>>> print(open('upload_22.txt').read())   # compact mmCIF, C-alpha atoms
# COMPACT_ATOMS: atom_id res chain seq x y z
CA MET A 8 -207.60 -64.95 2.15
CA ARG A 9 -204.86 -64.99 -0.27
CA ILE A 10 -201.63 -63.44 0.67
CA GLN A 11 -200.03 -61.81 -2.20
CA LYS A 12 -196.45 -62.70 -2.53
CA LYS A 13 -194.24 -59.76 -3.05
CA THR A 14 -191.88 -59.90 -5.90
CA THR A 15 -188.49 -60.52 -4.51
CA SER A 16 -185.60 -58.49 -5.74
CA ASN A 17 -182.21 -59.31 -4.41
CA PRO A 18 -180.71 -56.19 -2.84
CA GLU A 19 -177.26 -55.57 -4.12
CA ILE A 20 -175.01 -52.65 -3.70
CA SER A 21 -173.21 -51.82 -6.85
CA THR A 22 -169.49 -52.17 -6.41
CA ALA A 23 -168.70 -50.41 -9.62
CA SER A 24 -167.74 -47.22 -7.85
CA MET A 25 -165.41 -49.00 -5.46
CA PRO A 26 -162.28 -48.42 -7.55
CA ASP A 27 -163.12 -44.74 -7.74
CA ILE A 28 -163.40 -44.46 -3.99
CA VAL A 29 -160.19 -46.35 -3.45
CA PHE A 30 -158.37 -44.23 -6.00
CA LEU A 31 -159.60 -41.13 -4.26
CA LEU A 32 -158.17 -42.38 -0.99
CA LEU A 33 -154.98 -43.31 -2.77
CA PHE A 34 -154.54 -39.87 -4.22
CA PHE A 35 -155.27 -38.29 -0.88
CA PHE A 36 -152.51 -40.26 0.77
CA MET A 37 -150.12 -39.69 -2.09
CA VAL A 38 -150.59 -35.96 -1.86
CA THR A 39 -150.55 -35.52 1.91
CA ALA A 40 -147.75 -37.89 2.71
CA THR A 41 -144.21 -37.21 1.70
CA ILE A 42 -141.74 -40.00 1.72
CA LYS A 43 -139.01 -39.22 4.16
CA PRO A 44 -135.64 -40.81 4.47
CA LYS A 45 -135.77 -42.78 7.66
CA GLU A 46 -133.09 -42.21 10.21
CA GLU A 47 -130.92 -45.28 9.95
CA HIS A 48 -127.89 -44.49 12.00
CA LEU A 49 -129.30 -43.12 15.20
CA ASP A 50 -131.66 -44.36 17.85
CA ILE A 51 -134.17 -41.65 18.62
CA LYS A 52 -137.09 -41.61 21.00
CA GLU A 53 -138.49 -38.12 21.37
CA PRO A 54 -139.55 -36.75 24.74
CA GLN A 55 -143.16 -35.87 25.46
CA ALA A 56 -144.59 -32.42 26.03
CA LYS A 57 -147.90 -30.61 26.31
CA ALA A 58 -147.27 -27.09 25.02
CA ILE A 59 -146.79 -28.11 21.42
CA THR A 60 -147.23 -25.88 18.42
CA LYS A 61 -147.61 -26.96 14.86
CA VAL A 62 -145.73 -25.50 11.93
CA LYS A 63 -147.85 -24.50 9.00
CA LYS A 64 -145.27 -23.79 6.36
CA LYS A 65 -143.73 -27.21 6.32
CA PHE A 66 -141.17 -26.37 3.66
CA LEU A 67 -139.43 -24.05 6.11
CA VAL A 68 -138.60 -26.93 8.41
CA LYS A 69 -135.15 -28.49 8.13
CA GLU A 70 -134.42 -31.45 10.29
CA LEU A 71 -131.44 -32.34 12.42
CA ASN A 72 -131.33 -35.56 14.38
CA VAL A 73 -129.46 -36.07 17.61
CA GLY A 74 -129.19 -39.50 19.13
CA PHE A 75 -127.03 -42.42 20.06
CA PRO A 76 -125.52 -44.37 17.15
CA LYS A 77 -127.05 -47.76 16.51
CA ASN A 78 -123.76 -49.02 15.22
CA ARG A 79 -121.37 -49.50 18.11
CA LYS A 80 -118.41 -48.75 15.86
CA LEU A 81 -119.47 -45.11 15.82
CA GLY A 82 -119.05 -44.85 19.56
CA ASP A 83 -121.33 -44.40 22.52
CA SER A 84 -121.58 -40.65 22.61
CA PRO A 85 -124.54 -38.89 20.97
CA ARG A 86 -124.10 -37.80 17.37
CA ILE A 87 -125.84 -35.42 15.00
CA SER A 88 -127.18 -36.44 11.63
CA ALA A 89 -129.04 -34.73 8.82
CA ALA A 90 -130.93 -36.54 6.05
CA GLY A 91 -129.30 -39.85 6.88
CA LYS A 92 -125.77 -38.50 6.97
CA MET A 93 -123.59 -37.93 10.00
CA VAL A 94 -122.73 -34.29 10.57
CA ASN A 95 -119.96 -33.08 12.81
CA LEU A 96 -120.51 -30.10 15.03
CA GLN A 97 -118.11 -27.96 13.02
CA ASP A 98 -119.99 -28.77 9.80
CA ILE A 99 -123.28 -27.42 11.10
CA GLY A 100 -122.46 -24.02 9.66
CA GLN A 101 -122.06 -25.45 6.20
CA TRP A 102 -125.28 -27.43 6.61
CA VAL A 103 -127.13 -24.25 7.59
CA GLN A 104 -125.80 -22.42 4.53
CA GLU A 105 -126.83 -25.29 2.26
CA GLN A 106 -130.34 -25.40 3.69
CA LYS A 107 -130.70 -21.65 3.41
CA ALA A 108 -129.61 -21.74 -0.21
CA ASP A 109 -132.15 -24.48 -0.75
CA LEU A 110 -134.96 -22.30 0.61
CA GLY A 111 -134.12 -19.35 -1.58
CA GLU A 112 -133.72 -15.68 -0.90
CA ALA A 113 -137.32 -15.00 0.08
CA TYR A 114 -137.55 -17.54 2.84
CA LYS A 115 -134.02 -18.10 4.05
CA ASP A 116 -134.45 -15.94 7.12
CA GLN A 117 -137.52 -17.83 8.20
CA MET A 118 -135.88 -21.21 8.27
CA ILE A 119 -136.92 -23.39 11.18
CA VAL A 120 -134.46 -25.96 12.43
CA LEU A 121 -136.21 -28.99 13.81
CA ILE A 122 -134.10 -30.67 16.46
CA ARG A 123 -135.21 -34.24 16.77
CA ALA A 124 -133.28 -35.46 19.75
CA ASP A 125 -133.43 -38.58 21.83
CA GLU A 126 -134.70 -38.01 25.35
CA GLY A 127 -131.60 -39.65 26.78
CA VAL A 128 -128.93 -37.40 25.24
CA ASP A 129 -127.29 -34.87 27.53
CA MET A 130 -127.63 -31.12 27.29
CA GLY A 131 -123.97 -30.74 26.36
CA ILE A 132 -124.48 -31.64 22.71
CA ILE A 133 -127.81 -29.80 22.54
CA GLY A 134 -126.16 -26.68 23.95
CA ASP A 135 -123.25 -26.91 21.53
CA LEU A 136 -125.68 -27.33 18.67
CA GLN A 137 -127.71 -24.30 19.76
CA LEU A 138 -124.54 -22.25 20.00
CA GLU A 139 -123.52 -23.33 16.50
CA LEU A 140 -126.97 -22.46 15.12
CA ARG A 141 -126.85 -19.06 16.77
CA LYS A 142 -123.45 -18.42 15.23
CA HIS A 143 -124.82 -19.13 11.77
CA ASN A 144 -127.99 -17.18 12.30
CA ALA A 145 -130.47 -20.05 12.18
CA ARG A 146 -132.20 -19.02 15.32
CA LYS A 147 -135.66 -20.45 14.99
CA VAL A 148 -135.59 -23.82 16.63
CA LEU A 149 -138.29 -26.39 17.06
CA PHE A 150 -137.71 -29.13 19.59
CA ARG A 151 -139.55 -32.11 18.24
CA THR A 152 -141.69 -33.69 20.94
CA LEU A 153 -144.46 -36.20 21.07
CA GLU A 154 -147.83 -35.20 22.40
CA LYS A 155 -148.42 -36.07 26.01
CA SER A 156 -151.72 -37.85 26.40
CA MET B 30 -160.49 -62.26 -53.21
CA ILE B 31 -163.38 -62.69 -50.97
CA LYS B 32 -163.22 -61.26 -47.56
CA ILE B 33 -164.70 -63.45 -44.94
CA LYS B 34 -166.48 -61.41 -42.39
CA ARG B 35 -165.81 -62.64 -38.95
CA PRO B 36 -168.23 -61.92 -36.16
CA LYS B 37 -166.96 -58.88 -34.37
CA VAL B 38 -165.85 -59.52 -30.82
CA GLU B 39 -165.68 -56.42 -28.77
CA PRO B 40 -162.46 -56.39 -26.79
CA LYS B 41 -163.28 -55.88 -23.13
CA VAL B 42 -160.92 -55.53 -20.28
CA SER B 43 -162.39 -56.68 -17.06
CA ALA B 44 -162.51 -53.85 -14.57
CA GLY B 45 -163.16 -56.15 -11.69
CA SER B 46 -159.55 -56.33 -10.61
CA MET B 47 -159.11 -52.59 -10.74
CA ALA B 48 -160.21 -52.26 -7.14
CA ASP B 49 -157.66 -54.85 -6.07
CA ILE B 50 -154.84 -53.04 -7.81
CA ALA B 51 -155.88 -49.75 -6.30
CA PHE B 52 -156.08 -51.30 -2.85
CA LEU B 53 -152.63 -52.72 -3.25
CA LEU B 54 -151.22 -49.32 -4.15
CA LEU B 55 -153.14 -47.71 -1.32
CA ILE B 56 -151.76 -50.15 1.23
CA PHE B 57 -148.26 -49.65 -0.15
CA PHE B 58 -148.49 -45.89 0.32
CA LEU B 59 -150.05 -46.26 3.77
CA VAL B 60 -147.16 -48.40 4.91
CA ALA B 61 -144.31 -46.66 3.11
CA THR B 62 -145.09 -43.10 4.12
CA THR B 63 -144.99 -41.52 7.49
CA LEU B 64 -146.99 -38.37 7.80
CA VAL B 65 -144.59 -35.55 8.41
CA GLN B 66 -145.15 -34.24 11.87
CA GLU B 67 -143.70 -30.83 12.42
CA LYS B 68 -144.89 -30.43 15.94
CA GLY B 69 -142.88 -29.45 18.92
CA ILE B 70 -141.75 -26.68 21.21
CA MET B 71 -140.75 -23.57 19.29
CA MET B 72 -137.95 -21.40 20.59
CA GLN B 73 -136.28 -18.31 19.24
CA LEU B 74 -132.58 -18.32 20.06
CA PRO B 75 -130.81 -15.06 20.84
CA PRO B 76 -128.43 -13.57 18.25
CA ASP B 77 -124.77 -14.39 18.59
CA VAL B 78 -123.45 -11.07 19.77
CA PRO B 79 -121.53 -10.46 22.93
CA PRO B 80 -124.14 -10.02 25.63
CA THR B 81 -124.73 -6.48 26.73
CA GLU B 82 -124.84 -5.93 30.42
CA THR B 83 -128.40 -5.09 31.25
CA PRO B 84 -129.10 -4.89 34.92
CA ILE B 85 -132.05 -7.09 35.79
CA LYS B 86 -133.56 -6.89 39.19
CA ASP B 87 -133.39 -10.13 41.05
CA ARG B 88 -137.11 -10.10 41.72
CA ASN B 89 -137.83 -10.09 38.01
CA LEU B 90 -135.83 -13.23 37.38
CA PHE B 91 -137.23 -16.69 37.97
CA LYS B 92 -134.28 -19.02 38.01
CA ILE B 93 -134.43 -22.71 37.27
CA LEU B 94 -131.23 -24.71 37.38
CA ILE B 95 -130.97 -28.36 36.46
CA ASN B 96 -127.86 -30.24 37.50
CA SER B 97 -126.34 -33.32 36.01
CA ASN B 98 -128.12 -35.53 38.54
CA ASN B 99 -131.34 -34.21 37.06
CA GLN B 100 -132.28 -32.33 40.19
CA PHE B 101 -133.96 -28.97 39.95
CA LEU B 102 -133.09 -25.82 41.79
CA VAL B 103 -136.12 -23.56 41.46
CA GLU B 104 -135.56 -20.10 42.96
CA GLY B 105 -132.97 -21.50 45.33
CA GLU B 106 -135.08 -24.44 46.42
CA LEU B 107 -133.96 -28.00 45.69
CA ARG B 108 -136.57 -30.25 44.11
CA ASN B 109 -136.77 -33.64 42.51
CA ASN B 110 -139.75 -33.00 40.29
CA LEU B 111 -141.56 -30.11 38.71
CA LYS B 112 -144.96 -30.50 40.31
CA GLY B 113 -146.72 -27.17 40.61
CA LEU B 114 -144.16 -25.25 38.54
CA GLU B 115 -146.83 -24.02 36.12
CA LYS B 116 -148.78 -22.36 38.94
CA GLU B 117 -145.63 -20.81 40.37
CA VAL B 118 -144.61 -19.40 37.00
CA LYS B 119 -148.08 -17.95 36.49
CA ALA B 120 -148.08 -16.39 39.95
CA PHE B 121 -144.58 -15.06 39.38
CA VAL B 122 -145.38 -13.47 36.03
CA MET B 123 -148.73 -11.92 36.90
CA ASN B 124 -148.07 -11.18 40.58
CA PRO B 125 -151.70 -10.24 41.31
CA ASN B 126 -151.11 -9.30 44.96
CA ASN B 127 -147.99 -7.21 44.33
CA ASN B 128 -145.78 -9.53 46.30
CA PRO B 129 -142.36 -7.83 46.60
CA THR B 130 -140.51 -11.09 45.88
CA LEU B 131 -142.30 -11.73 42.58
CA SER B 132 -142.00 -9.82 39.30
CA GLU B 133 -142.70 -6.10 39.11
CA LYS B 134 -144.67 -6.22 35.88
CA PRO B 135 -145.63 -9.15 33.61
CA SER B 136 -143.57 -7.58 30.82
CA GLU B 137 -140.48 -7.44 33.03
CA ALA B 138 -140.60 -11.05 34.14
CA ILE B 139 -137.91 -13.34 32.80
CA ILE B 140 -137.80 -17.07 33.26
CA SER B 141 -134.28 -18.43 33.08
CA ILE B 142 -133.41 -22.06 32.52
CA LYS B 143 -129.88 -23.23 32.96
CA ALA B 144 -128.79 -26.81 32.55
CA GLN B 145 -125.48 -28.48 33.04
CA ARG B 146 -123.79 -30.46 30.31
CA GLY B 147 -124.71 -33.72 31.94
CA THR B 148 -128.40 -32.94 32.27
CA LYS B 149 -130.69 -35.27 30.39
CA TYR B 150 -132.46 -33.64 27.46
CA SER B 151 -135.87 -34.94 28.56
CA TYR B 152 -135.64 -33.02 31.86
CA PHE B 153 -134.81 -29.84 29.99
CA ILE B 154 -137.79 -30.35 27.67
CA GLU B 155 -140.03 -31.06 30.66
CA THR B 156 -139.01 -27.75 32.24
CA LEU B 157 -139.37 -25.79 29.03
CA ASP B 158 -142.75 -27.40 28.44
CA ALA B 159 -144.03 -26.45 31.91
CA ILE B 160 -143.00 -22.82 31.42
CA LYS B 161 -144.50 -22.60 27.93
CA GLU B 162 -147.69 -24.22 29.14
CA ALA B 163 -147.92 -21.66 31.96
CA TYR B 164 -147.57 -18.79 29.49
CA TYR B 165 -150.07 -20.30 27.08
CA GLN B 166 -152.54 -20.69 29.93
CA LEU B 167 -152.10 -17.01 30.78
CA TYR B 168 -152.61 -16.02 27.15
CA GLY B 169 -155.65 -18.25 26.92
CA GLU B 170 -157.19 -16.84 30.08
CA ARG B 171 -156.90 -13.31 28.72
CA VAL B 172 -159.10 -14.10 25.73
CA GLY B 173 -161.24 -16.81 27.29
CA LEU B 174 -159.66 -19.80 25.63
CA SER B 175 -157.86 -22.85 26.93
CA SER B 176 -154.12 -23.08 26.36
CA SER B 177 -154.48 -25.64 23.58
CA GLU B 178 -157.17 -23.56 21.88
CA PHE B 179 -154.88 -20.55 22.05
CA ARG B 180 -152.06 -22.47 20.39
CA LYS B 181 -154.39 -23.44 17.56
CA LEU B 182 -155.26 -19.84 16.69
CA ASP B 183 -154.77 -19.21 13.01
CA ARG B 184 -152.84 -15.99 12.54
CA GLU B 185 -153.84 -15.70 8.91
CA ASN B 186 -157.45 -15.31 9.95
CA PRO B 187 -157.86 -11.61 10.91
CA GLY B 188 -160.30 -12.28 13.76
CA GLU B 189 -158.13 -14.94 15.32
CA ASN B 190 -155.00 -12.89 14.78
CA GLN B 191 -156.65 -10.07 16.72
CA LEU B 192 -157.32 -12.46 19.61
CA TYR B 193 -153.70 -13.60 19.45
CA LEU B 194 -152.37 -10.06 19.57
CA THR B 195 -154.72 -9.03 22.38
CA ALA B 196 -153.62 -11.99 24.43
CA ARG B 197 -149.92 -11.33 23.94
CA GLU B 198 -149.99 -7.57 24.41
CA GLY B 199 -147.79 -6.47 27.28
CA LEU B 200 -147.05 -10.07 28.21
CA PRO B 201 -144.01 -11.23 26.27
CA MET B 202 -142.77 -14.77 26.69
CA ASN B 203 -139.33 -14.07 28.11
CA ILE B 204 -137.61 -17.39 28.40
CA SER B 205 -133.86 -17.42 28.58
CA ILE B 206 -131.90 -20.58 27.93
CA ALA B 207 -128.40 -20.28 29.23
CA GLU B 208 -125.63 -22.33 27.68
CA PRO B 209 -125.04 -25.51 29.62
CA ASP B 210 -122.23 -25.32 32.12
CA LYS B 211 -119.31 -27.63 32.29
CA ILE B 212 -119.78 -30.31 34.85
CA ASN B 213 -118.21 -29.16 38.06
CA PRO B 214 -117.17 -31.67 40.62
>>> encode(input="upload_22.txt", output="structure tokens")
Amino acid sequence: MRIQKKTTSNPEISTASMPDIVFLLLFFFMVTATIKPKEEHLDIKEPQAKAITKVKKKFLVKELNVGFPKNRKLGDSPRISAAGKMVNLQDIGQWVQEQKADLGEAYKDQMIVLIRADEGVDMGIIGDLQLELRKHNARKVLFRTLEKS
Amino acid sequence: MIKIKRPKVEPKVSAGSMADIAFLLLIFFLVATTLVQEKGIMMQLPPDVPPTETPIKDRNLFKILINSNNQFLVEGELRNNLKGLEKEVKAFVMNPNNNPTLSEKPSEAIISIKAQRGTKYSYFIETLDAIKEAYYQLYGERVGLSSSEFRKLDRENPGENQLYLTAREGLPMNISIAEPDKINP
């Protein structure tokens, strides 16, 4: 009996569409991710929590950082910073006004202040900050926490 | 003059390295960007007006104090951790057996957290988290969802918004955060 030899064809996957796929991924990441100024001055490790909610309208969120300065020259007590700049407690009012102006008339009352604080700071500064925010009518506050696994 | 016809060479750019370039860009963006995570515990602060004196019955108030040694005083009882607080808050708010020491009505119940200036932030968040979780569990139970499913309800979807409203009706989340006290010796 004669066994018929099959014609061999080398199986190859076309890689021509590879760039397209990669570009698609690239665009996805470019659109979803926003480059954020990294906090340089403060050391922050957020606490963990379970009852977390997510904010949908991300543009409403304005961030304040509270943590211990990395640079020892700035002292050992916790400090507040916004967008990479140190903010004193008495300047919070001005910061709130600036952020509200940035959001525009339609959304300024819905502003959410994200407090990204280190788990080791004491409640004194957090309380003072809350009081200051209440004074300037920025009363929606989101305590940034990591998800507890 | 005689034009010499040269053989036409079609100019081709090799597309083989395109994938490499794209990968490089992709990796750059992956590394350089952090996905913005706006997740956390949401709180609505009270307006800054002088507080009006509203008499609140003691039985409707669930008091949690945290001192600067990070010890908890829950309803007058000293504790070192918050084990079981969720259950207590749920029992306090709902009061299914009409216990005279627990809240009169779920809508009347108020949970009060008070910290001292020296309290560590993480203990405050832990307390707030336990209370919120207790409320979300109650909301979830009312509409047959788990607490995390309840939190994921999309209020722009009419059906889910209805569920949200049903769950929250007559059961407001009354959490009071008092301003931290000065440290007393």
>>> interface_residues(input="upload_22.txt", of="chain B", to="chain A", cutoff="6 Å", atoms="only C-alpha atoms", output="ChimeraX atom specification")
/B:48,55,62,64,67-74,76-77,146-151,158,162,208-209
>>> atom_distance(input="upload_22.txt", atom1="CA of Lys134 (chain B)", atom2="CA of Val118 (chain B)")
13.2 Å
>>> atom_distance(input="upload_22.txt", atom1="CA of Met118 (chain A)", atom2="CA of Leu136 (chain A)")
15.8 Å
>>> atom_distance(input="upload_22.txt", atom1="CA of Ala163 (chain B)", atom2="CA of Lys116 (chain B)")
7.1 Å
>>> residues_around(input="upload_22.txt", residues="Glu137 (chain B)", least_positions_apart="3", cutoff="12 Å", atoms="only C-alpha atoms", output="ChimeraX atom specification")
/B:84-91,121-124,131-134,140,199-204
>>> axis_aligned_box(input="upload_22.txt", around="region 78-87 of chain B", padding_each_side="4 Å", output="JSON")
{"center_x": -127.5, "center_y": -8.0, "center_z": 30.4, "size_x": 20.0, "size_y": 14.2, "size_z": 29.3}
>>> residues_around(input="upload_22.txt", residues="region 73-89 of chain A", least_positions_apart="2", cutoff="6 Å", atoms="all atoms listed in the file", output="ChimeraX atom specification")
/A:48-51,71,91-94,124-125
